[in-house]
Amino acid sequence: MGRFCTSIHIHNHLSREKFIELFCETMQKNGYSVSNSEDYNTSYAMLFSKNLKWVSVIADSEYIAKLMNMDCIRVEIVDSDFATLDMYSGTGEKVESILIGAPYWDDDENAQMGYSQPTESAWSSLIEDGFTWEHFTEIYESEDIFVEDTLQKLARLLGMGYVNILFEKEDINENNENICCLYFKK
């Protein structure tokens, strides 16, 4: 049996402290107050990449892009066979949805389900220096046995880090200096 997980990856331009401060301020504007792990209504676990360019979030909701006004990618891995990547702009609008790997349905059904081929206009601003759109398409078209291997290559191209793109609830360890858990209550 393969891996199943879903996480959201925010393209970050702030320091760790500023990001956490902005996140807490934004939650307060939405009627939440900072709480603790004993008394909360919603929680967010965050893994900061070493270069701080990405913050991987396990969240109760998918409006995180709009909440933070930052681009983000939602990654869902299905049985290590394929992954769906949904990109959202800072306004919360879905920019595009792509599949990596071999889904359980025919190619003809991809468009009906809202999946498309990746577009350079959507992804180019996230590609790290030293990589090109051609590198992206080469990774996208690779035929790795496990989708995690393809995602590892993609993470490197995006400057994200392998541990970030595969971040899931089981990885939460509050003793890890790169992980931050925030708790809120209404």
# chains A, B, ... in the order shown; residues from 1 in each chain; ligands from 1
>>> select_by_dssp(residues="stretch 29-170 of chain A", states="helix (DSSP H, G or I)", output="MDAnalysis selection string")
chainID A and resid 29 64:68 108:112 120:126 133:140 147:158 162:165 169:170
>>> write_last_selection(atoms="N, CA and C atoms", output="compact mmCIF listing (two decimals), in the first residue's frame")
# COMPACT_ATOMS: atom_id res chain seq x y z
N LYS A 29 -8.08 38.71 12.66
CA LYS A 29 -9.01 39.50 11.85
C LYS A 29 -10.22 38.67 11.42
N ILE A 64 -6.36 28.89 2.55
CA ILE A 64 -5.10 29.39 3.08
C ILE A 64 -4.44 30.42 2.15
N ALA A 65 -4.53 30.24 0.83
CA ALA A 65 -3.91 31.19 -0.10
C ALA A 65 -4.51 32.58 0.08
N LYS A 66 -5.85 32.62 0.11
CA LYS A 66 -6.53 33.90 0.28
C LYS A 66 -6.27 34.48 1.67
N LEU A 67 -6.27 33.61 2.66
CA LEU A 67 -6.04 34.04 4.04
C LEU A 67 -4.69 34.76 4.16
N MET A 68 -3.65 34.19 3.53
CA MET A 68 -2.31 34.75 3.64
C MET A 68 -1.95 35.67 2.47
N ASP A 108 -8.80 10.89 -21.32
CA ASP A 108 -9.95 11.67 -21.79
C ASP A 108 -10.74 12.27 -20.63
N GLU A 109 -10.69 11.63 -19.49
CA GLU A 109 -11.45 12.11 -18.34
C GLU A 109 -10.76 13.25 -17.59
N ASN A 110 -9.48 13.47 -17.85
CA ASN A 110 -8.73 14.52 -17.14
C ASN A 110 -9.38 15.89 -17.28
N ALA A 111 -9.72 16.28 -18.51
CA ALA A 111 -10.33 17.60 -18.74
C ALA A 111 -11.69 17.69 -18.06
N GLN A 112 -12.46 16.61 -18.12
CA GLN A 112 -13.77 16.61 -17.47
C GLN A 112 -13.64 16.80 -15.96
N GLU A 120 3.35 27.19 -18.61
CA GLU A 120 4.53 27.95 -18.21
C GLU A 120 4.13 29.22 -17.46
N SER A 121 3.05 29.86 -17.90
CA SER A 121 2.63 31.11 -17.26
C SER A 121 2.25 30.89 -15.79
N ALA A 122 1.73 29.73 -15.46
CA ALA A 122 1.33 29.46 -14.08
C ALA A 122 2.52 29.12 -13.19
N TRP A 123 3.48 28.39 -13.71
CA TRP A 123 4.56 27.84 -12.87
C TRP A 123 5.88 28.59 -12.93
N SER A 124 6.13 29.36 -13.97
CA SER A 124 7.46 29.93 -14.18
C SER A 124 7.95 30.82 -13.03
N SER A 125 7.06 31.54 -12.38
CA SER A 125 7.50 32.43 -11.29
C SER A 125 7.95 31.65 -10.06
N LEU A 126 7.62 30.36 -9.98
CA LEU A 126 7.99 29.54 -8.82
C LEU A 126 9.26 28.74 -9.04
N TRP A 133 11.87 26.13 -17.64
CA TRP A 133 10.60 25.50 -17.92
C TRP A 133 10.81 24.11 -18.53
N GLU A 134 11.86 23.95 -19.31
CA GLU A 134 12.16 22.64 -19.90
C GLU A 134 12.45 21.62 -18.81
N HIS A 135 13.14 22.03 -17.75
CA HIS A 135 13.37 21.13 -16.61
C HIS A 135 12.03 20.73 -15.98
N PHE A 136 11.14 21.70 -15.83
CA PHE A 136 9.83 21.41 -15.26
C PHE A 136 9.10 20.36 -16.10
N THR A 137 9.03 20.58 -17.42
CA THR A 137 8.30 19.63 -18.26
C THR A 137 8.95 18.26 -18.27
N GLU A 138 10.27 18.22 -18.20
CA GLU A 138 10.98 16.94 -18.13
C GLU A 138 10.58 16.17 -16.86
N ILE A 139 10.51 16.87 -15.75
CA ILE A 139 10.09 16.25 -14.49
C ILE A 139 8.63 15.82 -14.58
N TYR A 140 7.79 16.70 -15.09
CA TYR A 140 6.36 16.41 -15.21
C TYR A 140 6.12 15.15 -16.05
N VAL A 147 5.18 8.13 -7.28
CA VAL A 147 4.99 9.55 -7.53
C VAL A 147 5.84 10.40 -6.59
N GLU A 148 6.16 9.88 -5.42
CA GLU A 148 7.00 10.62 -4.47
C GLU A 148 8.36 10.95 -5.08
N ASP A 149 8.87 10.07 -5.95
CA ASP A 149 10.16 10.32 -6.60
C ASP A 149 10.06 11.51 -7.55
N THR A 150 8.96 11.60 -8.27
CA THR A 150 8.73 12.74 -9.16
C THR A 150 8.55 14.01 -8.34
N LEU A 151 7.80 13.92 -7.26
CA LEU A 151 7.58 15.10 -6.41
C LEU A 151 8.89 15.57 -5.78
N GLN A 152 9.78 14.66 -5.45
CA GLN A 152 11.08 15.05 -4.91
C GLN A 152 11.84 15.90 -5.92
N LYS A 153 11.82 15.51 -7.18
CA LYS A 153 12.49 16.30 -8.23
C LYS A 153 11.82 17.66 -8.38
N LEU A 154 10.48 17.66 -8.35
CA LEU A 154 9.74 18.91 -8.49
C LEU A 154 10.02 19.85 -7.32
N ALA A 155 10.09 19.30 -6.12
CA ALA A 155 10.37 20.12 -4.94
C ALA A 155 11.71 20.82 -5.09
N ARG A 156 12.71 20.10 -5.57
CA ARG A 156 14.04 20.70 -5.76
C ARG A 156 13.96 21.85 -6.77
N LEU A 157 13.23 21.64 -7.86
CA LEU A 157 13.07 22.67 -8.89
C LEU A 157 12.37 23.92 -8.34
N LEU A 158 11.46 23.72 -7.39
CA LEU A 158 10.72 24.83 -6.80
C LEU A 158 11.42 25.43 -5.59
N TYR A 162 12.28 18.20 -0.21
CA TYR A 162 11.55 16.93 -0.25
C TYR A 162 10.65 16.75 0.96
N VAL A 163 11.15 17.07 2.14
CA VAL A 163 10.32 16.87 3.34
C VAL A 163 9.08 17.76 3.32
N ASN A 164 9.18 18.91 2.69
CA ASN A 164 8.02 19.80 2.62
C ASN A 164 6.93 19.24 1.72
N ILE A 165 7.29 18.82 0.53
CA ILE A 165 6.27 18.40 -0.43
C ILE A 165 5.55 17.13 0.03
N LYS A 169 0.37 14.80 8.45
CA LYS A 169 0.06 14.89 9.88
C LYS A 169 0.99 14.03 10.73
N GLU A 170 1.35 12.86 10.25
CA GLU A 170 2.22 11.96 11.02
C GLU A 170 3.62 12.54 11.22
>>> select_by_dssp(residues="stretch 4-184 of chain A", states="strand (DSSP E or B)", output="PyMOL selection string")
chain A and resi 5-11+33-34+36+39+42-48+54-58+72-78+82-88+94-101+179-184
>>> write_last_selection(atoms="N, CA and C atoms", output="short mmCIF file (atom, residue, chain, number, x, y, z; two decimals), in the first residue's frame")
data_model
loop_
_atom_site.label_atom_id
_atom_site.label_comp_id
_atom_site.auth_asym_id
_atom_site.auth_seq_id
_atom_site.Cartn_x
_atom_site.Cartn_y
_atom_site.Cartn_z
N CYS A 5 -1.65 11.32 1.28
CA CYS A 5 -1.54 12.52 2.12
C CYS A 5 -1.94 13.75 1.33
N THR A 6 -2.31 14.77 2.06
CA THR A 6 -2.67 16.05 1.47
C THR A 6 -2.02 17.15 2.30
N SER A 7 -1.37 18.08 1.63
CA SER A 7 -0.82 19.24 2.32
C SER A 7 -0.82 20.43 1.38
N ILE A 8 -0.66 21.60 1.96
CA ILE A 8 -0.69 22.85 1.21
C ILE A 8 0.68 23.50 1.36
N HIS A 9 1.20 24.03 0.27
CA HIS A 9 2.54 24.62 0.27
C HIS A 9 2.45 26.08 -0.15
N ILE A 10 2.83 26.97 0.75
CA ILE A 10 2.72 28.41 0.52
C ILE A 10 4.07 28.95 0.06
N HIS A 11 4.05 29.69 -1.04
CA HIS A 11 5.27 30.33 -1.53
C HIS A 11 5.49 31.57 -0.68
N SER A 33 -8.71 33.82 18.20
CA SER A 33 -7.65 34.27 19.10
C SER A 33 -6.65 33.12 19.25
N VAL A 34 -5.41 33.48 19.52
CA VAL A 34 -4.37 32.48 19.70
C VAL A 34 -4.70 31.67 20.95
N ASN A 36 -4.03 27.35 22.77
CA ASN A 36 -3.00 26.33 23.03
C ASN A 36 -3.54 24.96 22.62
N ASP A 39 -6.94 23.74 24.31
CA ASP A 39 -8.21 24.45 24.19
C ASP A 39 -8.23 25.22 22.86
N THR A 42 -9.45 25.26 15.95
CA THR A 42 -8.76 24.95 14.70
C THR A 42 -7.26 25.04 14.93
N SER A 43 -6.52 24.26 14.16
CA SER A 43 -5.06 24.28 14.32
C SER A 43 -4.39 24.18 12.96
N TYR A 44 -3.16 24.62 12.91
CA TYR A 44 -2.34 24.58 11.70
C TYR A 44 -0.95 24.12 12.09
N ALA A 45 -0.46 23.09 11.41
CA ALA A 45 0.92 22.64 11.59
C ALA A 45 1.69 23.10 10.37
N MET A 46 2.84 23.72 10.60
CA MET A 46 3.62 24.31 9.51
C MET A 46 5.04 23.79 9.54
N LEU A 47 5.54 23.46 8.36
CA LEU A 47 6.93 23.05 8.21
C LEU A 47 7.60 24.07 7.31
N PHE A 48 8.59 24.77 7.84
CA PHE A 48 9.31 25.78 7.07
C PHE A 48 10.48 25.12 6.36
N TRP A 54 9.31 28.28 1.28
CA TRP A 54 8.07 27.53 1.30
C TRP A 54 7.69 27.21 2.72
N VAL A 55 6.39 27.27 2.98
CA VAL A 55 5.83 26.84 4.26
C VAL A 55 4.78 25.80 3.92
N SER A 56 5.00 24.57 4.36
CA SER A 56 4.05 23.49 4.13
C SER A 56 3.09 23.46 5.31
N VAL A 57 1.80 23.41 5.01
CA VAL A 57 0.78 23.55 6.04
C VAL A 57 -0.19 22.37 6.01
N ILE A 58 -0.46 21.86 7.17
CA ILE A 58 -1.57 20.93 7.32
C ILE A 58 -2.66 21.75 7.98
N CYS A 72 -0.11 29.42 -3.40
CA CYS A 72 0.14 28.14 -2.75
C CYS A 72 -0.22 26.99 -3.68
N ILE A 73 0.31 25.83 -3.34
CA ILE A 73 0.06 24.60 -4.09
C ILE A 73 -0.47 23.57 -3.11
N ARG A 74 -1.60 23.00 -3.43
CA ARG A 74 -2.17 21.91 -2.63
C ARG A 74 -1.77 20.61 -3.32
N VAL A 75 -1.11 19.72 -2.58
CA VAL A 75 -0.65 18.45 -3.13
C VAL A 75 -1.40 17.32 -2.44
N GLU A 76 -1.99 16.45 -3.24
CA GLU A 76 -2.64 15.26 -2.71
C GLU A 76 -2.02 14.04 -3.39
N ILE A 77 -1.46 13.15 -2.60
CA ILE A 77 -0.85 11.93 -3.11
C ILE A 77 -1.84 10.79 -2.92
N VAL A 78 -2.02 10.00 -3.99
CA VAL A 78 -2.96 8.90 -3.94
C VAL A 78 -2.20 7.58 -4.15
N PHE A 82 -0.15 8.43 -8.06
CA PHE A 82 -0.27 9.73 -8.72
C PHE A 82 -0.53 10.80 -7.67
N ALA A 83 -0.37 12.04 -8.10
CA ALA A 83 -0.62 13.19 -7.23
C ALA A 83 -1.39 14.24 -8.02
N THR A 84 -2.27 14.94 -7.32
CA THR A 84 -2.93 16.10 -7.90
C THR A 84 -2.28 17.33 -7.29
N LEU A 85 -2.00 18.31 -8.12
CA LEU A 85 -1.45 19.58 -7.67
C LEU A 85 -2.39 20.68 -8.10
N ASP A 86 -2.97 21.37 -7.13
CA ASP A 86 -3.85 22.49 -7.38
C ASP A 86 -3.13 23.76 -6.98
N MET A 87 -2.95 24.67 -7.93
CA MET A 87 -2.27 25.92 -7.64
C MET A 87 -3.31 27.02 -7.44
N TYR A 88 -3.12 27.80 -6.36
CA TYR A 88 -4.00 28.92 -6.04
C TYR A 88 -3.19 30.21 -6.00
N LYS A 94 -8.30 29.43 -7.97
CA LYS A 94 -7.54 28.30 -8.50
C LYS A 94 -6.96 28.69 -9.85
N VAL A 95 -5.65 28.57 -9.99
CA VAL A 95 -4.96 28.92 -11.23
C VAL A 95 -4.97 27.74 -12.18
N GLU A 96 -4.62 26.56 -11.67
CA GLU A 96 -4.65 25.37 -12.50
C GLU A 96 -4.50 24.12 -11.64
N SER A 97 -4.97 23.01 -12.20
CA SER A 97 -4.87 21.71 -11.54
C SER A 97 -4.20 20.74 -12.50
N ILE A 98 -3.16 20.06 -12.00
CA ILE A 98 -2.45 19.10 -12.84
C ILE A 98 -2.34 17.76 -12.12
N LEU A 99 -2.07 16.74 -12.90
CA LEU A 99 -1.83 15.40 -12.38
C LEU A 99 -0.39 15.02 -12.65
N ILE A 100 0.23 14.35 -11.71
CA ILE A 100 1.56 13.78 -11.91
C ILE A 100 1.44 12.30 -11.62
N GLY A 101 1.96 11.47 -12.52
CA GLY A 101 1.87 10.03 -12.34
C GLY A 101 0.72 9.47 -13.15
N ILE A 179 9.33 22.99 12.43
CA ILE A 179 7.88 22.80 12.50
C ILE A 179 7.29 23.73 13.56
N CYS A 180 6.19 24.35 13.20
CA CYS A 180 5.50 25.26 14.12
C CYS A 180 4.04 24.86 14.14
N CYS A 181 3.47 24.67 15.31
CA CYS A 181 2.04 24.37 15.45
C CYS A 181 1.36 25.59 16.08
N LEU A 182 0.31 26.05 15.44
CA LEU A 182 -0.45 27.20 15.93
C LEU A 182 -1.87 26.75 16.22
N TYR A 183 -2.42 27.20 17.34
CA TYR A 183 -3.76 26.83 17.76
C TYR A 183 -4.60 28.09 17.94
N PHE A 184 -5.86 28.01 17.52
CA PHE A 184 -6.76 29.17 17.59
C PHE A 184 -8.13 28.73 18.08
#
>>> atom_distance(atom1="atom CA of A:Asn30", atom2="atom CA of A:Lys53")
25.2 Å
>>> closest_residue(among="A:Asp106, A:Asp81, A:Asp171, A:Glu38", to="A:Phe4", atoms="only C-alpha atoms")
A:Asp81
>>> atom_distance(atom1="atom CA of A:Glu21", atom2="atom CA of A:Leu52")
14.7 Å
>>> atom_distance(atom1="atom CA of A:Gln28", atom2="atom CA of A:Ser49")
25.1 Å
>>> closest_residue(among="A:Asp129, A:Glu93, A:Glu177, A:Glu141", to="A:Gln117", atoms="only C-alpha atoms")
A:Glu141
>>> closest_residue(among="A:Ala102, A:Asn51, A:Ile127, A:Ile145", to="A:Asn12", atoms="only C-alpha atoms")
A:Asn51
>>> closest_residue(among="A:Glu25, A:Glu143, A:Glu17, A:Glu128", to="A:Gly161", atoms="only C-alpha atoms")
A:Glu128
